[in-house]
Number of protein chains: 2
Amino acid sequence: MVHVLTLLGKANHPLSSRWIAGSVNTNPVVVRQIVGRLRDVALVDTIPGSTGGAILTKDPAQITLKDVYQLTKEETFFGLHPNEPNPYCPVGRNIQAVLIEVFEQMDRLVEDALGEITVADIITQMAQRETMRAHT
Amino acid sequence: MVHVLTLLGKANHPLSSRWIAGSVNTNPVVVRQIVGRLRDVALVDTIPGSTGGAILTKDPAQITLKDVYQLTKEETFFGLHPNEPNPYCPVGRNIQAVLIEVFEQMDRLVEDALGEITVADIITQMAQRETMRAHT
DNA sequence: CGATATGTAAGTAATATGTTTACATATATG
DNA sequence: CATATATGTAAACATATTACTTACATATCG
C-alpha cells in the first residue's frame, strides 16, 4: 500500500493498475484489490475508462503511515494461540486478557509513531537514496 | 510462550509438557517445541525422566517480554511483498530499503517497551484479575 | 463504436501453523 | 534392575492465509 501511495504521490495524474503492477511486480488484479481498500477509506479516487486509474485525494504530506497501518493491522498486535485456554486454570482463564492489554499498549505506541511519518517523507527519503545511487 | 513462562513462574517445581498442554489447551508436542525454543535461549531448563519437566532458570522478575519478542518476531516488523519490486523503477528500486528503515524504527520502539514488562508483572496482573473475579 | 480502464468473483498454488502419531532416549522409584 | 513417565524430534496430515491468474461485467474517453 505504501508503494502504491508513493507512486501516486509522485505522479500527478491517474495511474492504471497495469502500470502500478509493473513497478510492484505483481498482477494488476492484486493492485486493484489494494487500491480498492485505499478507496474505501477515501485515500484515493479511482476513475474508470480509457484514461482512468487511481489518484490521491489529498496531499502526500497529509497522508501518514498510520492510515495504512490501521487498514492492515490484525485484530491483536501479536497473535494469540488459536485455541481457548483452559478456563479451570487460574492462568489459562486470565492470560489472554492480560496479553491483549499489552498488545494494545504496543499498538498505540506504533500507531502514534507511524502517525508522524507521511507519504511525503517516504518520497523524500527515496529521492535521497536515488541521489546516493547516482553518486556511486 | 508467555503463557508457559507464567505457569513456570508460579510453580516452583518442574511442570510436564502434558500438564502445560492442559492449561494452554493444545498437544504436549506443541508445548515441547515451544519449551525447546525457550531452552535454546536459556530461559528454562528441561529435565527428562519420570519427575521431569520444565523449570525457569531465573527469577520471573528477571525475564522480560522482550526476551520472548526476540524469539518470535519476524525478520521485518511488517511484511514486505513477496516479489522483488521492479529495479528499473525509481520507486520500486528504493521502496523496500525505506520501508525496512521504518520497520526497524518501530521494532526498537516495541522492543524497548516490552523490555520494561517482566513475567513477574504478568503474574501480578493476573492475580489482580483473579481477585476481581472472586469479588463478583 | 472500439480501446482501455475499473470491479469483482472463482479456481489454483504456495506457505505457514498447529495437530497427531510414533519412537528413541533419559531418569526416578519401587 | 525393571517399569513408568518424562523429553526430543521426525513425519504425515489438516487448515488458514495469501497471492496469482483467468474471466467477464461495467464505465468512459476519443
# chains A, B, ... in the order shown; residues from 1 in each chain; ligands from 1
>>> closest_atom_pairs(of="chain A", to="chain C", cutoff="9 Å", atoms="only C-alpha atoms (C1' of nucleotides)", output="Markdown table")
| residue | atom | partner | partner_atom | distance |
| --- | --- | --- | --- | --- |
| A:Ser16 | CA | C:DA5 | C1' | 7.4 |
| A:Ser17 | CA | C:DT6 | C1' | 8.6 |
| A:Arg32 | CA | C:DT6 | C1' | 7.7 |
| A:Gln33 | CA | C:DG7 | C1' | 8.8 |
| A:Gly36 | CA | C:DG7 | C1' | 8.7 |
| A:Thr46 | CA | C:DT6 | C1' | 7.5 |
| A:Ile47 | CA | C:DT6 | C1' | 7.1 |
| A:Pro48 | CA | C:DA5 | C1' | 4.9 |
| A:Gly49 | CA | C:DA5 | C1' | 4.0 |
| A:Ser50 | CA | C:DT4 | C1' | 4.2 |
| A:Thr51 | CA | C:DA5 | C1' | 6.6 |
| A:Gly52 | CA | C:DA5 | C1' | 5.4 |
| A:Gly53 | CA | C:DA5 | C1' | 6.8 |
| A:Pro82 | CA | C:DG18 | C1' | 8.7 |
>>> calpha_fit_and_write(fixed="chain A", moving="chain B", output="compact mmCIF listing (two decimals) with N, CA and C atoms, in the first residue's frame")
# COMPACT_ATOMS: atom_id res chain seq x y z
N MET B 1 0.85 -1.21 0.01
CA MET B 1 0.02 -0.01 0.01
C MET B 1 0.87 1.25 0.00
N VAL B 2 1.96 1.24 0.78
CA VAL B 2 2.84 2.40 0.81
C VAL B 2 3.49 2.59 -0.56
N HIS B 3 3.86 1.49 -1.17
CA HIS B 3 4.43 1.54 -2.52
C HIS B 3 3.44 2.24 -3.46
N VAL B 4 2.21 1.83 -3.43
CA VAL B 4 1.18 2.42 -4.30
C VAL B 4 0.99 3.90 -4.01
N LEU B 5 0.88 4.23 -2.74
CA LEU B 5 0.66 5.64 -2.37
C LEU B 5 1.85 6.50 -2.79
N THR B 6 3.04 5.93 -2.71
CA THR B 6 4.24 6.67 -3.11
C THR B 6 4.23 6.95 -4.61
N LEU B 7 3.87 5.93 -5.39
CA LEU B 7 3.78 6.12 -6.84
C LEU B 7 2.76 7.20 -7.17
N LEU B 8 1.61 7.13 -6.52
CA LEU B 8 0.55 8.10 -6.80
C LEU B 8 0.96 9.50 -6.34
N GLY B 9 1.74 9.56 -5.27
CA GLY B 9 2.18 10.85 -4.75
C GLY B 9 3.19 11.53 -5.67
N LYS B 10 3.97 10.73 -6.37
CA LYS B 10 4.95 11.30 -7.28
C LYS B 10 4.31 11.69 -8.61
N ALA B 11 3.38 10.88 -9.07
CA ALA B 11 2.65 11.21 -10.29
C ALA B 11 1.56 12.21 -9.93
N ASN B 12 1.19 13.05 -10.87
CA ASN B 12 0.06 13.94 -10.57
C ASN B 12 -1.10 13.68 -11.51
N HIS B 13 -1.16 12.45 -11.99
CA HIS B 13 -2.23 12.06 -12.90
C HIS B 13 -2.59 10.61 -12.59
N PRO B 14 -3.74 10.13 -13.04
CA PRO B 14 -4.15 8.75 -12.71
C PRO B 14 -3.16 7.72 -13.23
N LEU B 15 -2.85 6.73 -12.38
CA LEU B 15 -2.01 5.60 -12.79
C LEU B 15 -2.89 4.35 -12.87
N SER B 16 -2.73 3.59 -13.93
CA SER B 16 -3.53 2.38 -14.11
C SER B 16 -2.99 1.24 -13.26
N SER B 17 -3.87 0.29 -12.99
CA SER B 17 -3.45 -0.88 -12.19
C SER B 17 -2.35 -1.64 -12.91
N ARG B 18 -2.39 -1.62 -14.23
CA ARG B 18 -1.37 -2.30 -15.02
C ARG B 18 -0.01 -1.63 -14.82
N TRP B 19 -0.03 -0.31 -14.84
CA TRP B 19 1.21 0.45 -14.68
C TRP B 19 1.80 0.21 -13.28
N ILE B 20 0.95 0.31 -12.26
CA ILE B 20 1.39 0.11 -10.88
C ILE B 20 1.93 -1.30 -10.69
N ALA B 21 1.22 -2.26 -11.27
CA ALA B 21 1.65 -3.66 -11.14
C ALA B 21 3.05 -3.85 -11.72
N GLY B 22 3.40 -3.06 -12.73
CA GLY B 22 4.73 -3.15 -13.33
C GLY B 22 5.81 -2.72 -12.35
N SER B 23 5.50 -1.75 -11.51
CA SER B 23 6.49 -1.28 -10.52
C SER B 23 6.56 -2.23 -9.32
N VAL B 24 5.40 -2.71 -8.90
CA VAL B 24 5.36 -3.58 -7.73
C VAL B 24 5.80 -5.01 -8.10
N ASN B 25 5.68 -5.35 -9.36
CA ASN B 25 5.97 -6.68 -9.86
C ASN B 25 4.93 -7.68 -9.37
N THR B 26 3.69 -7.42 -9.72
CA THR B 26 2.61 -8.34 -9.38
C THR B 26 1.53 -8.22 -10.44
N ASN B 27 0.39 -8.83 -10.18
CA ASN B 27 -0.71 -8.85 -11.13
C ASN B 27 -1.61 -7.63 -10.95
N PRO B 28 -2.12 -7.06 -12.04
CA PRO B 28 -2.99 -5.88 -11.93
C PRO B 28 -4.20 -6.10 -11.02
N VAL B 29 -4.70 -7.32 -10.95
CA VAL B 29 -5.86 -7.58 -10.10
C VAL B 29 -5.50 -7.39 -8.63
N VAL B 30 -4.30 -7.82 -8.27
CA VAL B 30 -3.85 -7.62 -6.89
C VAL B 30 -3.80 -6.13 -6.58
N VAL B 31 -3.32 -5.35 -7.52
CA VAL B 31 -3.26 -3.90 -7.34
C VAL B 31 -4.67 -3.33 -7.19
N ARG B 32 -5.59 -3.80 -8.00
CA ARG B 32 -6.96 -3.25 -7.91
C ARG B 32 -7.59 -3.56 -6.56
N GLN B 33 -7.23 -4.74 -6.00
CA GLN B 33 -7.76 -5.08 -4.67
C GLN B 33 -7.17 -4.14 -3.61
N ILE B 34 -5.87 -3.89 -3.73
CA ILE B 34 -5.21 -2.99 -2.78
C ILE B 34 -5.78 -1.58 -2.91
N VAL B 35 -5.86 -1.12 -4.15
CA VAL B 35 -6.38 0.23 -4.39
C VAL B 35 -7.82 0.35 -3.91
N GLY B 36 -8.56 -0.74 -4.04
CA GLY B 36 -9.94 -0.73 -3.59
C GLY B 36 -10.04 -0.45 -2.10
N ARG B 37 -9.13 -1.03 -1.33
CA ARG B 37 -9.14 -0.81 0.12
C ARG B 37 -8.72 0.62 0.45
N LEU B 38 -7.83 1.16 -0.35
CA LEU B 38 -7.43 2.56 -0.13
C LEU B 38 -8.58 3.50 -0.50
N ARG B 39 -9.35 3.11 -1.47
CA ARG B 39 -10.50 3.93 -1.85
C ARG B 39 -11.59 3.87 -0.77
N ASP B 40 -11.73 2.68 -0.15
CA ASP B 40 -12.75 2.52 0.89
C ASP B 40 -12.55 3.51 2.04
N VAL B 41 -11.30 3.89 2.29
CA VAL B 41 -11.04 4.85 3.36
C VAL B 41 -10.71 6.23 2.78
N ALA B 42 -11.07 6.40 1.50
CA ALA B 42 -11.02 7.73 0.87
C ALA B 42 -9.62 8.32 0.76
N LEU B 43 -8.61 7.45 0.68
CA LEU B 43 -7.26 7.97 0.45
C LEU B 43 -7.01 8.18 -1.03
N VAL B 44 -7.70 7.41 -1.88
CA VAL B 44 -7.55 7.58 -3.32
C VAL B 44 -8.92 7.61 -3.99
N ASP B 45 -8.95 8.16 -5.18
CA ASP B 45 -10.11 8.07 -6.06
C ASP B 45 -9.74 7.13 -7.20
N THR B 46 -10.72 6.40 -7.70
CA THR B 46 -10.47 5.57 -8.88
C THR B 46 -11.39 6.03 -10.00
N ILE B 47 -10.84 6.07 -11.20
CA ILE B 47 -11.56 6.57 -12.36
C ILE B 47 -11.60 5.49 -13.42
N PRO B 48 -12.78 5.04 -13.80
CA PRO B 48 -12.88 4.04 -14.86
C PRO B 48 -12.66 4.68 -16.23
N GLY B 49 -12.57 3.85 -17.23
CA GLY B 49 -12.44 4.35 -18.59
C GLY B 49 -11.02 4.38 -19.09
N SER B 50 -10.89 4.73 -20.34
CA SER B 50 -9.62 4.55 -21.04
C SER B 50 -8.51 5.45 -20.51
N THR B 51 -8.84 6.55 -19.90
CA THR B 51 -7.80 7.42 -19.33
C THR B 51 -7.84 7.35 -17.80
N GLY B 52 -8.44 6.28 -17.27
CA GLY B 52 -8.66 6.19 -15.83
C GLY B 52 -7.46 5.70 -15.06
N GLY B 53 -7.73 5.30 -13.82
CA GLY B 53 -6.68 4.85 -12.93
C GLY B 53 -6.95 5.35 -11.53
N ALA B 54 -5.90 5.37 -10.71
CA ALA B 54 -6.05 5.80 -9.33
C ALA B 54 -5.29 7.10 -9.12
N ILE B 55 -5.79 7.92 -8.20
CA ILE B 55 -5.16 9.21 -7.91
C ILE B 55 -5.41 9.55 -6.45
N LEU B 56 -4.46 10.22 -5.79
CA LEU B 56 -4.63 10.57 -4.38
C LEU B 56 -5.74 11.61 -4.21
N THR B 57 -6.41 11.53 -3.06
CA THR B 57 -7.45 12.52 -2.78
C THR B 57 -6.90 13.72 -2.01
N LYS B 58 -5.68 13.56 -1.45
CA LYS B 58 -5.10 14.69 -0.74
C LYS B 58 -3.59 14.72 -0.90
N ASP B 59 -2.99 15.74 -0.36
CA ASP B 59 -1.55 15.94 -0.47
C ASP B 59 -0.79 14.81 0.23
N PRO B 60 0.32 14.33 -0.35
CA PRO B 60 1.13 13.28 0.30
C PRO B 60 1.55 13.67 1.72
N ALA B 61 1.65 14.97 2.00
CA ALA B 61 2.04 15.40 3.34
C ALA B 61 0.89 15.24 4.34
N GLN B 62 -0.30 14.98 3.82
CA GLN B 62 -1.47 14.81 4.70
C GLN B 62 -1.81 13.33 4.93
N ILE B 63 -1.04 12.44 4.33
CA ILE B 63 -1.28 11.01 4.49
C ILE B 63 -0.13 10.43 5.31
N THR B 64 -0.47 9.74 6.40
CA THR B 64 0.57 9.16 7.25
C THR B 64 0.55 7.63 7.16
N LEU B 65 1.62 7.03 7.61
CA LEU B 65 1.69 5.56 7.61
C LEU B 65 0.70 4.97 8.63
N LYS B 66 0.24 5.80 9.55
CA LYS B 66 -0.80 5.35 10.46
C LYS B 66 -2.08 5.00 9.70
N ASP B 67 -2.38 5.78 8.67
CA ASP B 67 -3.55 5.49 7.85
C ASP B 67 -3.46 4.10 7.25
N VAL B 68 -2.27 3.75 6.78
CA VAL B 68 -2.05 2.43 6.17
C VAL B 68 -2.07 1.35 7.24
N TYR B 69 -1.41 1.64 8.36
CA TYR B 69 -1.33 0.67 9.44
C TYR B 69 -2.72 0.24 9.91
N GLN B 70 -3.60 1.22 10.04
CA GLN B 70 -4.95 0.91 10.52
C GLN B 70 -5.71 0.02 9.54
N LEU B 71 -5.32 0.09 8.28
CA LEU B 71 -5.99 -0.75 7.28
C LEU B 71 -5.49 -2.19 7.30
N THR B 72 -4.24 -2.37 7.73
CA THR B 72 -3.63 -3.68 7.55
C THR B 72 -3.41 -4.44 8.84
N LYS B 73 -3.50 -3.78 9.98
CA LYS B 73 -3.14 -4.46 11.21
C LYS B 73 -4.14 -5.53 11.58
N GLU B 74 -3.64 -6.55 12.19
CA GLU B 74 -4.46 -7.64 12.69
C GLU B 74 -5.30 -7.14 13.87
N GLU B 75 -6.25 -7.93 14.23
CA GLU B 75 -7.12 -7.61 15.37
C GLU B 75 -6.27 -7.37 16.62
N THR B 76 -5.40 -8.34 16.92
CA THR B 76 -4.45 -8.14 18.01
C THR B 76 -3.06 -7.99 17.42
N PHE B 77 -2.27 -7.19 18.07
CA PHE B 77 -0.94 -6.81 17.59
C PHE B 77 -0.09 -8.04 17.31
N PHE B 78 0.00 -8.94 18.27
CA PHE B 78 0.63 -10.23 18.05
C PHE B 78 -0.50 -11.24 17.97
N GLY B 79 -0.17 -12.47 17.68
CA GLY B 79 -1.22 -13.48 17.61
C GLY B 79 -1.42 -14.17 18.94
N LEU B 80 -2.65 -14.51 19.22
CA LEU B 80 -2.94 -15.39 20.35
C LEU B 80 -3.01 -16.80 19.82
N HIS B 81 -2.84 -17.76 20.68
CA HIS B 81 -3.01 -19.15 20.28
C HIS B 81 -4.44 -19.33 19.79
N PRO B 82 -4.64 -20.10 18.71
CA PRO B 82 -5.99 -20.24 18.14
C PRO B 82 -6.99 -20.87 19.11
N ASN B 83 -6.52 -21.70 20.03
CA ASN B 83 -7.45 -22.36 20.96
C ASN B 83 -7.71 -21.49 22.19
N GLU B 84 -8.89 -21.64 22.75
CA GLU B 84 -9.20 -21.01 24.03
C GLU B 84 -8.45 -21.75 25.14
N PRO B 85 -7.75 -21.02 26.02
CA PRO B 85 -7.08 -21.71 27.13
C PRO B 85 -8.11 -22.32 28.08
N ASN B 86 -7.60 -23.17 28.96
CA ASN B 86 -8.44 -23.89 29.92
C ASN B 86 -9.07 -22.92 30.93
N PRO B 87 -10.40 -22.81 30.96
CA PRO B 87 -11.07 -21.85 31.86
C PRO B 87 -11.03 -22.28 33.32
N TYR B 88 -10.61 -23.51 33.57
CA TYR B 88 -10.54 -23.97 34.96
C TYR B 88 -9.16 -23.76 35.56
N CYS B 89 -8.24 -23.19 34.75
CA CYS B 89 -6.90 -22.88 35.24
C CYS B 89 -6.82 -21.39 35.50
N PRO B 90 -6.34 -20.99 36.69
CA PRO B 90 -6.29 -19.56 37.03
C PRO B 90 -5.41 -18.77 36.06
N VAL B 91 -4.43 -19.42 35.47
CA VAL B 91 -3.63 -18.74 34.45
C VAL B 91 -4.39 -18.74 33.12
N GLY B 92 -4.85 -19.91 32.72
CA GLY B 92 -5.54 -20.03 31.43
C GLY B 92 -6.70 -19.06 31.28
N ARG B 93 -7.44 -18.85 32.37
CA ARG B 93 -8.65 -18.03 32.22
C ARG B 93 -8.36 -16.54 32.28
N ASN B 94 -7.12 -16.12 32.48
CA ASN B 94 -6.81 -14.69 32.55
C ASN B 94 -5.71 -14.24 31.58
N ILE B 95 -4.93 -15.19 31.09
CA ILE B 95 -3.75 -14.83 30.31
C ILE B 95 -4.10 -14.00 29.08
N GLN B 96 -5.18 -14.36 28.39
CA GLN B 96 -5.49 -13.64 27.15
C GLN B 96 -5.83 -12.18 27.41
N ALA B 97 -6.61 -11.94 28.45
CA ALA B 97 -6.97 -10.55 28.77
C ALA B 97 -5.74 -9.72 29.09
N VAL B 98 -4.81 -10.30 29.83
CA VAL B 98 -3.59 -9.59 30.19
C VAL B 98 -2.74 -9.33 28.95
N LEU B 99 -2.63 -10.33 28.08
CA LEU B 99 -1.82 -10.17 26.88
C LEU B 99 -2.42 -9.14 25.94
N ILE B 100 -3.74 -9.15 25.82
CA ILE B 100 -4.40 -8.19 24.93
C ILE B 100 -4.12 -6.77 25.41
N GLU B 101 -4.06 -6.59 26.73
CA GLU B 101 -3.73 -5.27 27.27
C GLU B 101 -2.33 -4.84 26.82
N VAL B 102 -1.39 -5.77 26.88
CA VAL B 102 -0.03 -5.48 26.42
C VAL B 102 -0.04 -5.15 24.92
N PHE B 103 -0.77 -5.96 24.16
CA PHE B 103 -0.84 -5.74 22.72
C PHE B 103 -1.32 -4.32 22.42
N GLU B 104 -2.37 -3.91 23.10
CA GLU B 104 -2.96 -2.60 22.81
C GLU B 104 -2.00 -1.47 23.19
N GLN B 105 -1.22 -1.72 24.23
CA GLN B 105 -0.20 -0.74 24.63
C GLN B 105 0.81 -0.56 23.49
N MET B 106 1.30 -1.68 22.95
CA MET B 106 2.28 -1.63 21.85
C MET B 106 1.65 -1.02 20.60
N ASP B 107 0.41 -1.37 20.38
CA ASP B 107 -0.31 -0.88 19.22
C ASP B 107 -0.37 0.64 19.22
N ARG B 108 -0.68 1.21 20.37
CA ARG B 108 -0.76 2.67 20.47
C ARG B 108 0.60 3.31 20.22
N LEU B 109 1.63 2.67 20.75
CA LEU B 109 2.99 3.16 20.58
C LEU B 109 3.35 3.26 19.09
N VAL B 110 3.09 2.18 18.39
CA VAL B 110 3.44 2.11 16.96
C VAL B 110 2.56 3.07 16.15
N GLU B 111 1.30 3.09 16.50
CA GLU B 111 0.36 3.94 15.76
C GLU B 111 0.77 5.41 15.89
N ASP B 112 1.12 5.81 17.08
CA ASP B 112 1.53 7.20 17.29
C ASP B 112 2.78 7.53 16.49
N ALA B 113 3.72 6.59 16.49
CA ALA B 113 4.97 6.84 15.77
C ALA B 113 4.73 6.89 14.27
N LEU B 114 3.90 5.99 13.77
CA LEU B 114 3.62 5.98 12.32
C LEU B 114 2.83 7.21 11.91
N GLY B 115 2.06 7.75 12.85
CA GLY B 115 1.29 8.95 12.56
C GLY B 115 2.16 10.16 12.28
N GLU B 116 3.44 10.05 12.64
CA GLU B 116 4.37 11.16 12.41
C GLU B 116 5.11 11.02 11.08
N ILE B 117 4.92 9.91 10.39
CA ILE B 117 5.62 9.69 9.12
C ILE B 117 4.61 9.82 7.98
N THR B 118 4.86 10.76 7.08
CA THR B 118 3.93 10.98 5.97
C THR B 118 4.46 10.33 4.69
N VAL B 119 3.56 10.18 3.74
CA VAL B 119 3.96 9.67 2.42
C VAL B 119 4.96 10.64 1.79
N ALA B 120 4.80 11.92 2.07
CA ALA B 120 5.77 12.90 1.56
C ALA B 120 7.16 12.62 2.12
N ASP B 121 7.23 12.22 3.39
CA ASP B 121 8.52 11.86 3.98
C ASP B 121 9.14 10.68 3.24
N ILE B 122 8.32 9.70 2.95
CA ILE B 122 8.81 8.50 2.23
C ILE B 122 9.36 8.91 0.87
N ILE B 123 8.64 9.79 0.18
CA ILE B 123 9.11 10.25 -1.14
C ILE B 123 10.44 10.97 -1.01
N THR B 124 10.56 11.78 0.03
CA THR B 124 11.82 12.50 0.25
C THR B 124 12.97 11.53 0.49
N GLN B 125 12.74 10.56 1.37
CA GLN B 125 13.79 9.60 1.68
C GLN B 125 14.19 8.80 0.45
N MET B 126 13.19 8.51 -0.39
CA MET B 126 13.50 7.75 -1.59
C MET B 126 14.31 8.58 -2.57
N ALA B 127 13.99 9.85 -2.64
CA ALA B 127 14.75 10.75 -3.53
C ALA B 127 16.20 10.83 -3.07
N GLN B 128 16.40 10.85 -1.74
CA GLN B 128 17.77 10.88 -1.22
C GLN B 128 18.54 9.64 -1.62
N ARG B 129 17.90 8.49 -1.51
CA ARG B 129 18.57 7.24 -1.90
C ARG B 129 18.87 7.23 -3.40
N GLU B 130 17.95 7.80 -4.15
CA GLU B 130 18.16 7.85 -5.60
C GLU B 130 19.35 8.74 -5.94
N THR B 131 19.52 9.82 -5.18
CA THR B 131 20.66 10.71 -5.38
C THR B 131 21.96 9.99 -5.03
N MET B 132 21.94 9.29 -3.89
CA MET B 132 23.12 8.53 -3.48
C MET B 132 23.52 7.53 -4.55
N ARG B 133 22.53 6.90 -5.15
CA ARG B 133 22.76 5.94 -6.22
C ARG B 133 23.54 6.59 -7.37
N ALA B 134 23.14 7.83 -7.72
CA ALA B 134 23.76 8.53 -8.85
C ALA B 134 25.22 8.87 -8.56
N HIS B 135 25.56 9.02 -7.29
CA HIS B 135 26.90 9.46 -6.91
C HIS B 135 27.89 8.31 -6.73
N THR B 136 27.49 7.09 -7.05
CA THR B 136 28.41 5.96 -6.87
C THR B 136 28.72 5.28 -8.19
>>> interface_residues(of="chain D", to="chain B", cutoff="7 Å", atoms="only C-alpha atoms (C1' of nucleotides)", output="number ranges by chain")
D: 5-7
>>> select_by_dssp(residues="chain A", states="strand (DSSP E or B)", output="CSV table (one decimal) with N, CA and C atoms, in the first residue's frame")
chain,number,residue,atom,x,y,z
A,15,LEU,N,-2.8,6.7,-12.4
A,15,LEU,CA,-2.0,5.6,-12.8
A,15,LEU,C,-2.9,4.4,-12.9
A,44,VAL,N,-7.7,7.5,-1.9
A,44,VAL,CA,-7.5,7.6,-3.4
A,44,VAL,C,-8.9,7.6,-4.0
A,45,ASP,N,-8.9,8.2,-5.2
A,45,ASP,CA,-10.1,8.1,-6.1
A,45,ASP,C,-9.7,7.2,-7.2
A,46,THR,N,-10.7,6.4,-7.8
A,46,THR,CA,-10.5,5.6,-8.9
A,46,THR,C,-11.4,6.0,-10.0
A,47,ILE,N,-10.8,6.1,-11.2
A,47,ILE,CA,-11.5,6.6,-12.4
A,47,ILE,C,-11.6,5.5,-13.5
A,53,GLY,N,-7.7,5.3,-13.9
A,53,GLY,CA,-6.7,4.9,-13.0
A,53,GLY,C,-6.9,5.4,-11.6
A,54,ALA,N,-5.9,5.4,-10.7
A,54,ALA,CA,-6.0,5.8,-9.4
A,54,ALA,C,-5.3,7.1,-9.1
A,55,ILE,N,-5.8,7.9,-8.2
A,55,ILE,CA,-5.1,9.2,-7.9
A,55,ILE,C,-5.4,9.5,-6.5
A,56,LEU,N,-4.5,10.2,-5.8
A,56,LEU,CA,-4.6,10.6,-4.4
A,56,LEU,C,-5.7,11.6,-4.2
A,64,THR,N,-0.5,9.8,6.4
A,64,THR,CA,0.5,9.2,7.2
A,64,THR,C,0.5,7.7,7.1
A,118,THR,N,4.9,10.8,7.1
A,118,THR,CA,3.9,11.0,6.0
A,118,THR,C,4.4,10.3,4.7
>>> select_by_dssp(residues="range 6-116 of chain A", states="helix (DSSP H, G or I)", output="VMD selection string")
chain A and resid 6 to 10 17 to 24 28 to 40 60 to 62 65 to 72 92 to 114
